[in-house]
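Trainee: Just dropping this structure here.
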Amino acid sequence: MHDVIIIGAGPGGLSAARWCDELGLDTLVLERHTEVGGQLLSVYNPVENYLGARAENGGALRDLFVEQTKDCDFDLWTQVEIESVDLKAKRIQLQSGEELQSIAIILATGLRRGRLGIPGETGFQGRGIIESATRDRDQLAGKDVCVIGGGDAAAENALLLAEVCPTVTLVHRGRKMRARREFTEQLHTNRCITVFPESIVRRIIGSDLVEAVEIERGGAIKPFQMAVQGVLIRIGWEPNTDFVRGQLELDDRGCIIVGSQQETSIGNVFAIGDVANPLAPTIAGAVGAGATAAKVIGARLQQR
Ligand SMILES: Cc1cc2nc3c(=O)[nH]c(=O)nc-3n(C[C@H](O)[C@H](O)[C@H](O)COP(=O)(O)OP(=O)(O)OC[C@H]3O[C@@H](n4cnc5c(N)ncnc54)[C@H](O)[C@@H]3O)c2cc1C
């Protein structure tokens, strides 16, 4: 029996674990991946807006977090797959067969990149589909590329790719892009970039490497193929809440609804960070929410 089980070791989960240690709580952190850090591991730009630390990228900030938790007395299990959770009973069944029990649970499972679910999306990862223009654009220098998505991230990546690629075609579903005007103005004046609104990429095609995308344009009768050698997908984020769906209150995006103390609709089950904060997902927000949840749990357990 643990006092607290924290699911997810991104900034939120690590902050909660740090505070649970300080409050003397018996704490276990479960992380699905081999490494802790969550989305920080996908941040390739400098992180300048987290007060108290400047880092050349998210990985470097993650290293600072790890450094500051390495002497703490909590258990961290990585590469853990959860089979099922009974939030009311505070019981967690792992795929390995192990059953865990705690007094409180903190859900810190964050977000994952949205997926198109189209043929070619997984097969060409690293073979024409790139993860980030900041990190990978040299791979696509001199090549024709397609960026899929209509928000800030898609626009920003298209602009970065246009610095090294002869043509960048940005394909998005909506009639208007959701990106900030500052970005859309630059897109429309950049001669390398073509924007296809009301359009959907149906397939990513190639043999060994990406060779083309199949696009369905609004109003057109038939889809057509456009030759490209690179693809970057930025279609938003989805909360990692599938494994608790049906047990607690979620909003219409699937994010967990919490009160001011980060508690969910189930007593002693807390949710922190992006998974409970769809409007303002930030490192600072996740770290702060982790501290709040841990302190509330600490105070309750002291009164028992
Ligand atoms: C490109 C990019 C740039 C960004 N730049 C900034 C910035 O400059 N400033 C800023 O404040 N924020 C920035 N952010 C956002 C910031 O990274 C997030 O707000 C922050 O990481 C949220 O932390 P979190 O702990 O809530 O979730 P996450 O970082 O998403 O971590 C969640 C963790 O939970 C794990 N997990 C998920 N499901 C399970 C499960 N079932 N079992 C076990 N483990 C699970 C995941 O593997 C992950 O490790 C950026 C994000 C990106 C992608």
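For the structure tokens, the naming scheme is as follows: chains receive sequential letters (A, B, ...) according to their order of presentation, residues are indexed from 1 within each chain, and ligands are indexed from 1 in presentation order.
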What do you get as a ChimeraX atom specification if you pick all residues at most 6 Å from ligand 1, counting only C-alpha atoms and all ligand atoms?
Mentor: /A:7-13,30-33,36-40,42-43,47,49,81-82,108-111,240,273-275,281-284,286
Trainee: So that I can see what lies close to range 113-116 of chain A, please list as an mmCIF file with N, CA, C and O atoms, in the first residue's frame the residues with an atom at most 9 Å from it, counting only C-alpha atoms and leaving out residues fewer than 6 positions away in the same chain.
Mentor:
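Output file out_21.cif is given in full below:
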```
data_model
loop_
_atom_site.group_PDB
_atom_site.id
_atom_site.type_symbol
_atom_site.label_atom_id
_atom_site.label_comp_id
_atom_site.auth_asym_id
_atom_site.auth_seq_id
_atom_site.Cartn_x
_atom_site.Cartn_y
_atom_site.Cartn_z
ATOM 1 N N VAL A 201 -5.364 15.231 -46.350
ATOM 2 C CA VAL A 201 -4.408 14.245 -46.872
ATOM 3 C C VAL A 201 -4.963 12.865 -46.541
ATOM 4 O O VAL A 201 -5.229 12.556 -45.378
ATOM 5 N N ARG A 202 -5.172 12.050 -47.565
ATOM 6 C CA ARG A 202 -5.776 10.720 -47.387
ATOM 7 C C ARG A 202 -4.747 9.612 -47.246
ATOM 8 O O ARG A 202 -5.021 8.581 -46.655
ATOM 9 N N ILE A 233 3.533 16.514 -39.695
ATOM 10 C CA ILE A 233 2.131 16.531 -39.265
ATOM 11 C C ILE A 233 2.002 17.282 -37.938
ATOM 12 O O ILE A 233 2.675 16.955 -36.960
ATOM 13 N N ARG A 234 1.124 18.285 -37.934
ATOM 14 C CA ARG A 234 0.860 19.046 -36.699
ATOM 15 C C ARG A 234 -0.637 19.306 -36.605
ATOM 16 O O ARG A 234 -1.119 20.348 -37.026
ATOM 17 N N ILE A 235 -1.371 18.334 -36.105
ATOM 18 C CA ILE A 235 -2.833 18.489 -36.087
ATOM 19 C C ILE A 235 -3.373 18.548 -34.663
ATOM 20 O O ILE A 235 -4.487 18.128 -34.396
ATOM 21 N N GLY A 236 -2.538 19.049 -33.756
ATOM 22 C CA GLY A 236 -3.035 19.253 -32.393
ATOM 23 C C GLY A 236 -2.688 18.115 -31.459
ATOM 24 O O GLY A 236 -1.837 17.279 -31.752
ATOM 25 N N TRP A 237 -3.365 18.118 -30.329
ATOM 26 C CA TRP A 237 -3.018 17.225 -29.219
ATOM 27 C C TRP A 237 -4.238 16.497 -28.691
ATOM 28 O O TRP A 237 -5.348 17.000 -28.827
ATOM 29 N N GLU A 238 -3.994 15.322 -28.118
ATOM 30 C CA GLU A 238 -5.084 14.568 -27.485
ATOM 31 C C GLU A 238 -4.665 14.203 -26.063
ATOM 32 O O GLU A 238 -3.508 13.823 -25.848
ATOM 33 N N PRO A 239 -5.590 14.300 -25.103
ATOM 34 C CA PRO A 239 -5.223 13.944 -23.724
ATOM 35 C C PRO A 239 -5.098 12.431 -23.549
ATOM 36 O O PRO A 239 -5.846 11.673 -24.167
#
```
Trainee: DSSP on the backbone: what in range 99-286 of chain A comes out strand (DSSP E or B), as a count of residues only?
Mentor: 60
Trainee: Can you pull out every residue within 10 Å of Asp251 in chain A, counting only C-alpha atoms, but drop anything in the same chain fewer than 3 positions away, and send it as a list of chain:residue names?
Mentor: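 So, after excluding close chain neighbours, the residues are A:Gly254, A:Cys255, A:Ile256, A:Ile257, A:Ala276, A:Pro278.
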Trainee: Of the candidates A:Ile221, A:Leu76, A:Val195, A:Leu107, which one gets nearest to Ala289 in chain A if we count only C-alpha atoms?
Mentor: A:Leu107
Trainee: Which residues are near Arg135 in chain A? Cut-off 9 Å, only C-alpha atoms, ignore same chain within fewer than 5 positions. Put them as a ChimeraX atom specification.
Mentor: /A:44-45,130
Trainee: Just want the 12 Å neighbourhood of Ala220 in chain A, counted on only C-alpha atoms, with same-chain residues fewer than 3 positions away dropped. Output as a VMD selection string.
Mentor: chain A and resid 198 to 200 215 to 217 223 to 224
Trainee: Quick one: residues within 8 Å of Gln93 in chain A, only C-alpha atoms counted, chain neighbours fewer than 6 positions away excluded, as a PDB file with all heavy atoms, in the first residue's frame?
Mentor:
```
ATOM      1  N   ILE A  82      -0.072   0.140 -17.993  1.00  0.00           N
ATOM      2  CA  ILE A  82      -1.206  -0.081 -17.090  1.00  0.00           C
ATOM      3  C   ILE A  82      -2.282  -0.881 -17.816  1.00  0.00           C
ATOM      4  O   ILE A  82      -2.683  -0.531 -18.923  1.00  0.00           O
ATOM      5  CB  ILE A  82      -1.752   1.273 -16.598  1.00  0.00           C
ATOM      6  CG1 ILE A  82      -0.707   1.929 -15.688  1.00  0.00           C
ATOM      7  CG2 ILE A  82      -3.081   1.107 -15.873  1.00  0.00           C
ATOM      8  CD1 ILE A  82      -1.055   3.319 -15.250  1.00  0.00           C
ATOM      9  N   GLU A  83      -2.734  -1.930 -17.184  1.00  0.00           N
ATOM     10  CA  GLU A  83      -3.797  -2.769 -17.771  1.00  0.00           C
ATOM     11  C   GLU A  83      -5.166  -2.144 -17.459  1.00  0.00           C
ATOM     12  O   GLU A  83      -5.977  -1.961 -18.341  1.00  0.00           O
ATOM     13  CB  GLU A  83      -3.687  -4.177 -17.154  1.00  0.00           C
ATOM     14  CG  GLU A  83      -4.741  -5.155 -17.599  1.00  0.00           C
ATOM     15  CD  GLU A  83      -4.581  -5.565 -19.046  1.00  0.00           C
ATOM     16  OE1 GLU A  83      -3.440  -5.547 -19.540  1.00  0.00           O
ATOM     17  OE2 GLU A  83      -5.600  -5.875 -19.688  1.00  0.00           O
ATOM     18  N   SER A  84      -5.370  -1.799 -16.200  1.00  0.00           N
ATOM     19  CA  SER A  84      -6.652  -1.190 -15.821  1.00  0.00           C
ATOM     20  C   SER A  84      -6.478  -0.429 -14.505  1.00  0.00           C
ATOM     21  O   SER A  84      -5.553  -0.695 -13.736  1.00  0.00           O
ATOM     22  CB  SER A  84      -7.735  -2.255 -15.645  1.00  0.00           C
ATOM     23  OG  SER A  84      -7.367  -3.118 -14.594  1.00  0.00           O
ATOM     24  N   VAL A  85      -7.386   0.522 -14.309  1.00  0.00           N
ATOM     25  CA  VAL A  85      -7.360   1.317 -13.071  1.00  0.00           C
ATOM     26  C   VAL A  85      -8.767   1.341 -12.499  1.00  0.00           C
ATOM     27  O   VAL A  85      -9.720   1.587 -13.230  1.00  0.00           O
ATOM     28  CB  VAL A  85      -6.943   2.780 -13.367  1.00  0.00           C
ATOM     29  CG1 VAL A  85      -6.862   3.584 -12.083  1.00  0.00           C
ATOM     30  CG2 VAL A  85      -5.639   2.852 -14.097  1.00  0.00           C
ATOM     31  N   GLU A  99      -0.464  -5.948  -9.004  1.00  0.00           N
ATOM     32  CA  GLU A  99      -1.584  -5.099  -8.588  1.00  0.00           C
ATOM     33  C   GLU A  99      -1.086  -4.113  -7.539  1.00  0.00           C
ATOM     34  O   GLU A  99      -0.403  -4.513  -6.589  1.00  0.00           O
ATOM     35  CB  GLU A  99      -2.712  -5.953  -8.029  1.00  0.00           C
ATOM     36  CG  GLU A  99      -3.989  -5.153  -7.887  1.00  0.00           C
ATOM     37  CD  GLU A  99      -5.191  -6.028  -7.576  1.00  0.00           C
ATOM     38  OE1 GLU A  99      -5.768  -6.577  -8.530  1.00  0.00           O
ATOM     39  OE2 GLU A  99      -5.534  -6.151  -6.390  1.00  0.00           O
ATOM     40  N   LEU A 100      -1.401  -2.843  -7.729  1.00  0.00           N
ATOM     41  CA  LEU A 100      -0.911  -1.795  -6.836  1.00  0.00           C
ATOM     42  C   LEU A 100      -2.092  -1.134  -6.138  1.00  0.00           C
ATOM     43  O   LEU A 100      -3.175  -1.009  -6.720  1.00  0.00           O
ATOM     44  CB  LEU A 100      -0.144  -0.729  -7.640  1.00  0.00           C
ATOM     45  CG  LEU A 100       0.999  -1.254  -8.510  1.00  0.00           C
ATOM     46  CD1 LEU A 100       1.477  -0.180  -9.476  1.00  0.00           C
ATOM     47  CD2 LEU A 100       2.145  -1.728  -7.635  1.00  0.00           C
TER      48      LEU A 100
END
```
Trainee: Based on the backbone DSSP call, show me all residues of range 153-259 of chain A assigned alpha helix (DSSP H), as a PyMOL selection string.
Mentor: chain A and resi 153-162+181-189
Trainee: Name the closest residue to Gly219 in chain A among the candidates A:Trp19, A:Phe196, A:Phe65, A:Phe270; distances are taken between atoms, counting only C-alpha atoms.
Mentor: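 With only C-alpha atoms as the atom set, the closest residue is A:Phe196.
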Trainee: Determine, counting only C-alpha atoms, which protein, DNA and RNA residues have an atom within 6 Å of an atom of range 150-165 of chain A; residues of the same chain fewer than 4 positions away are not included. Present the result as a PDB file with all heavy atoms, in the first residue's frame.
Mentor:
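Wrote it out as result33.pdb, contents follow:
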```pdb
ATOM      1  N   ALA A 133      10.563  20.575 -37.436  1.00  0.00           N
ATOM      2  CA  ALA A 133      11.367  21.334 -38.408  1.00  0.00           C
ATOM      3  C   ALA A 133      12.635  21.860 -37.745  1.00  0.00           C
ATOM      4  O   ALA A 133      13.700  21.899 -38.356  1.00  0.00           O
ATOM      5  CB  ALA A 133      10.539  22.474 -38.984  1.00  0.00           C
ATOM      6  N   ALA A 141      16.267  19.446 -46.606  1.00  0.00           N
ATOM      7  CA  ALA A 141      16.772  20.595 -47.382  1.00  0.00           C
ATOM      8  C   ALA A 141      16.779  20.236 -48.864  1.00  0.00           C
ATOM      9  O   ALA A 141      17.190  19.149 -49.260  1.00  0.00           O
ATOM     10  CB  ALA A 141      18.168  20.956 -46.897  1.00  0.00           C
ATOM     11  N   GLY A 142      16.262  21.151 -49.691  1.00  0.00           N
ATOM     12  CA  GLY A 142      16.245  20.945 -51.149  1.00  0.00           C
ATOM     13  C   GLY A 142      15.098  20.063 -51.618  1.00  0.00           C
ATOM     14  O   GLY A 142      14.983  19.771 -52.809  1.00  0.00           O
ATOM     15  N   LYS A 143      14.230  19.623 -50.709  1.00  0.00           N
ATOM     16  CA  LYS A 143      13.138  18.717 -51.088  1.00  0.00           C
ATOM     17  C   LYS A 143      11.783  19.418 -51.013  1.00  0.00           C
ATOM     18  O   LYS A 143      11.639  20.413 -50.297  1.00  0.00           O
ATOM     19  CB  LYS A 143      13.137  17.498 -50.169  1.00  0.00           C
ATOM     20  CG  LYS A 143      14.421  16.687 -50.316  1.00  0.00           C
ATOM     21  CD  LYS A 143      14.444  15.503 -49.416  1.00  0.00           C
ATOM     22  CE  LYS A 143      15.728  14.719 -49.690  1.00  0.00           C
ATOM     23  NZ  LYS A 143      15.997  13.733 -48.668  1.00  0.00           N
ATOM     24  N   HIS A 172      -4.743  21.998 -44.858  1.00  0.00           N
ATOM     25  CA  HIS A 172      -5.549  21.978 -43.618  1.00  0.00           C
ATOM     26  C   HIS A 172      -7.030  21.878 -43.946  1.00  0.00           C
ATOM     27  O   HIS A 172      -7.475  22.244 -45.027  1.00  0.00           O
ATOM     28  CB  HIS A 172      -5.226  23.192 -42.738  1.00  0.00           C
ATOM     29  CG  HIS A 172      -5.691  24.496 -43.290  1.00  0.00           C
ATOM     30  ND1 HIS A 172      -6.839  25.101 -42.876  1.00  0.00           N
ATOM     31  CD2 HIS A 172      -5.152  25.311 -44.233  1.00  0.00           C
ATOM     32  CE1 HIS A 172      -6.985  26.253 -43.531  1.00  0.00           C
ATOM     33  NE2 HIS A 172      -5.974  26.386 -44.359  1.00  0.00           N
ATOM     34  N   MET A 177      -7.283  29.254 -41.519  1.00  0.00           N
ATOM     35  CA  MET A 177      -6.326  28.672 -40.587  1.00  0.00           C
ATOM     36  C   MET A 177      -6.615  29.170 -39.164  1.00  0.00           C
ATOM     37  O   MET A 177      -7.104  30.276 -38.979  1.00  0.00           O
ATOM     38  CB  MET A 177      -4.900  29.043 -40.982  1.00  0.00           C
ATOM     39  CG  MET A 177      -4.452  28.315 -42.235  1.00  0.00           C
ATOM     40  SD  MET A 177      -2.692  28.507 -42.511  1.00  0.00           S
ATOM     41  CE  MET A 177      -1.976  27.597 -41.139  1.00  0.00           C
ATOM     42  N   ARG A 178      -6.242  28.334 -38.161  1.00  0.00           N
ATOM     43  CA  ARG A 178      -6.412  28.742 -36.766  1.00  0.00           C
ATOM     44  C   ARG A 178      -5.169  29.463 -36.244  1.00  0.00           C
ATOM     45  O   ARG A 178      -5.157  29.988 -35.145  1.00  0.00           O
ATOM     46  CB  ARG A 178      -6.665  27.504 -35.887  1.00  0.00           C
ATOM     47  CG  ARG A 178      -8.044  26.908 -36.018  1.00  0.00           C
ATOM     48  CD  ARG A 178      -8.150  25.591 -35.278  1.00  0.00           C
ATOM     49  NE  ARG A 178      -7.420  24.516 -35.949  1.00  0.00           N
ATOM     50  CZ  ARG A 178      -6.273  23.985 -35.544  1.00  0.00           C
ATOM     51  NH1 ARG A 178      -5.705  24.403 -34.439  1.00  0.00           N
ATOM     52  NH2 ARG A 178      -5.679  23.026 -36.225  1.00  0.00           N
ATOM     53  N   ALA A 179      -4.105  29.476 -37.038  1.00  0.00           N
ATOM     54  CA  ALA A 179      -2.836  30.051 -36.582  1.00  0.00           C
ATOM     55  C   ALA A 179      -2.963  31.558 -36.370  1.00  0.00           C
ATOM     56  O   ALA A 179      -3.831  32.219 -36.953  1.00  0.00           O
ATOM     57  CB  ALA A 179      -1.754  29.762 -37.607  1.00  0.00           C
ATOM     58  N   ARG A 234       1.124  18.285 -37.934  1.00  0.00           N
ATOM     59  CA  ARG A 234       0.860  19.046 -36.699  1.00  0.00           C
ATOM     60  C   ARG A 234      -0.637  19.306 -36.605  1.00  0.00           C
ATOM     61  O   ARG A 234      -1.119  20.348 -37.026  1.00  0.00           O
ATOM     62  CB  ARG A 234       1.587  20.400 -36.733  1.00  0.00           C
ATOM     63  CG  ARG A 234       3.026  20.358 -36.369  1.00  0.00           C
ATOM     64  CD  ARG A 234       3.234  20.033 -34.893  1.00  0.00           C
ATOM     65  NE  ARG A 234       4.631  20.041 -34.561  1.00  0.00           N
ATOM     66  CZ  ARG A 234       5.468  19.043 -34.779  1.00  0.00           C
ATOM     67  NH1 ARG A 234       5.046  17.932 -35.321  1.00  0.00           N
ATOM     68  NH2 ARG A 234       6.746  19.133 -34.448  1.00  0.00           N
TER      69      ARG A 234
END
```
Trainee: Closest to Val147 in chain A among A:Arg54, A:Gln101, A:Asp3, A:Gly230, using only C-alpha atoms?
Mentor: A:Gly230
